[in-house]
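Only one structure is covered here, and it is reproduced in the block below.
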Amino acid sequence: MNEVKIKKQAFLKEACFFFKSASLHANEGDLQSCAGFILKALDKERRAGGVGPQVLHLIKTR
């Protein structure tokens, strides 16, 4: 596996962990912690989407 896929998988694995933690805290009634874990999971998913080559300024304005 190449480095990009490894990094992406690592971010998604962390996101999964945070979503599971959020579910556990929600079941216990701790909604404040649950919300925090959801935000952390969403951040990891966002980072996973940004892994890899970035294309900037492909279309130049006239």
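Chain labels A, B, ... are given in the sequence in which chains occur in the structure tokens; within each chain residues are numbered consecutively from 1, and ligands are likewise numbered from 1 in the order shown.
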Item to check | Every residue of chain A that DSSP places in helix (DSSP H, G or I), as number ranges by chain | outcome: A: 3-28, 31-49
Preceding selection exported with C-alpha atoms as a PDB file, in the first residue's frame:
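Result file follows (out-v3.pdb):
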ATOM      1  CA  GLU A   3       1.808   6.209   1.802  1.00  0.00           C
ATOM      2  CA  VAL A   4      -1.335   8.155   0.857  1.00  0.00           C
ATOM      3  CA  LYS A   5      -3.600   5.153   1.407  1.00  0.00           C
ATOM      4  CA  ILE A   6      -1.911   4.375   4.722  1.00  0.00           C
ATOM      5  CA  LYS A   7      -2.443   7.936   5.992  1.00  0.00           C
ATOM      6  CA  LYS A   8      -6.050   7.953   4.792  1.00  0.00           C
ATOM      7  CA  GLN A   9      -6.761   4.600   6.479  1.00  0.00           C
ATOM      8  CA  ALA A  10      -5.186   5.868   9.715  1.00  0.00           C
ATOM      9  CA  PHE A  11      -7.443   8.940   9.757  1.00  0.00           C
ATOM     10  CA  LEU A  12     -10.533   6.841   9.012  1.00  0.00           C
ATOM     11  CA  LYS A  13      -9.596   4.354  11.744  1.00  0.00           C
ATOM     12  CA  GLU A  14      -9.316   7.213  14.253  1.00  0.00           C
ATOM     13  CA  ALA A  15     -12.673   8.577  13.079  1.00  0.00           C
ATOM     14  CA  CYS A  16     -14.270   5.173  13.615  1.00  0.00           C
ATOM     15  CA  PHE A  17     -12.824   5.030  17.139  1.00  0.00           C
ATOM     16  CA  PHE A  18     -14.247   8.484  17.948  1.00  0.00           C
ATOM     17  CA  PHE A  19     -17.685   7.574  16.544  1.00  0.00           C
ATOM     18  CA  LYS A  20     -17.752   4.414  18.676  1.00  0.00           C
ATOM     19  CA  SER A  21     -16.738   6.431  21.746  1.00  0.00           C
ATOM     20  CA  ALA A  22     -19.491   8.940  20.961  1.00  0.00           C
ATOM     21  CA  SER A  23     -22.029   6.136  20.774  1.00  0.00           C
ATOM     22  CA  LEU A  24     -20.948   4.755  24.149  1.00  0.00           C
ATOM     23  CA  HIS A  25     -21.167   8.164  25.804  1.00  0.00           C
ATOM     24  CA  ALA A  26     -24.581   8.808  24.235  1.00  0.00           C
ATOM     25  CA  ASN A  27     -25.878   5.523  25.619  1.00  0.00           C
ATOM     26  CA  GLU A  28     -24.650   6.570  29.068  1.00  0.00           C
ATOM     27  CA  LEU A  31     -24.252  14.155  25.625  1.00  0.00           C
ATOM     28  CA  GLN A  32     -21.521  16.771  26.153  1.00  0.00           C
ATOM     29  CA  SER A  33     -18.768  14.173  25.716  1.00  0.00           C
ATOM     30  CA  CYS A  34     -20.689  12.553  22.894  1.00  0.00           C
ATOM     31  CA  ALA A  35     -20.777  15.833  20.977  1.00  0.00           C
ATOM     32  CA  GLY A  36     -17.049  16.313  21.487  1.00  0.00           C
ATOM     33  CA  PHE A  37     -16.274  12.858  20.129  1.00  0.00           C
ATOM     34  CA  ILE A  38     -18.505  13.449  17.106  1.00  0.00           C
ATOM     35  CA  LEU A  39     -16.647  16.675  16.314  1.00  0.00           C
ATOM     36  CA  LYS A  40     -13.300  14.897  16.615  1.00  0.00           C
ATOM     37  CA  ALA A  41     -14.524  12.104  14.328  1.00  0.00           C
ATOM     38  CA  LEU A  42     -15.760  14.558  11.716  1.00  0.00           C
ATOM     39  CA  ASP A  43     -12.402  16.341  11.810  1.00  0.00           C
ATOM     40  CA  LYS A  44     -10.590  13.042  11.172  1.00  0.00           C
ATOM     41  CA  GLU A  45     -12.917  12.281   8.251  1.00  0.00           C
ATOM     42  CA  ARG A  46     -12.216  15.739   6.822  1.00  0.00           C
ATOM     43  CA  ARG A  47      -8.478  15.172   7.154  1.00  0.00           C
ATOM     44  CA  ALA A  48      -8.791  11.781   5.439  1.00  0.00           C
ATOM     45  CA  GLY A  49     -10.444  13.491   2.493  1.00  0.00           C
TER      46      GLY A  49
END
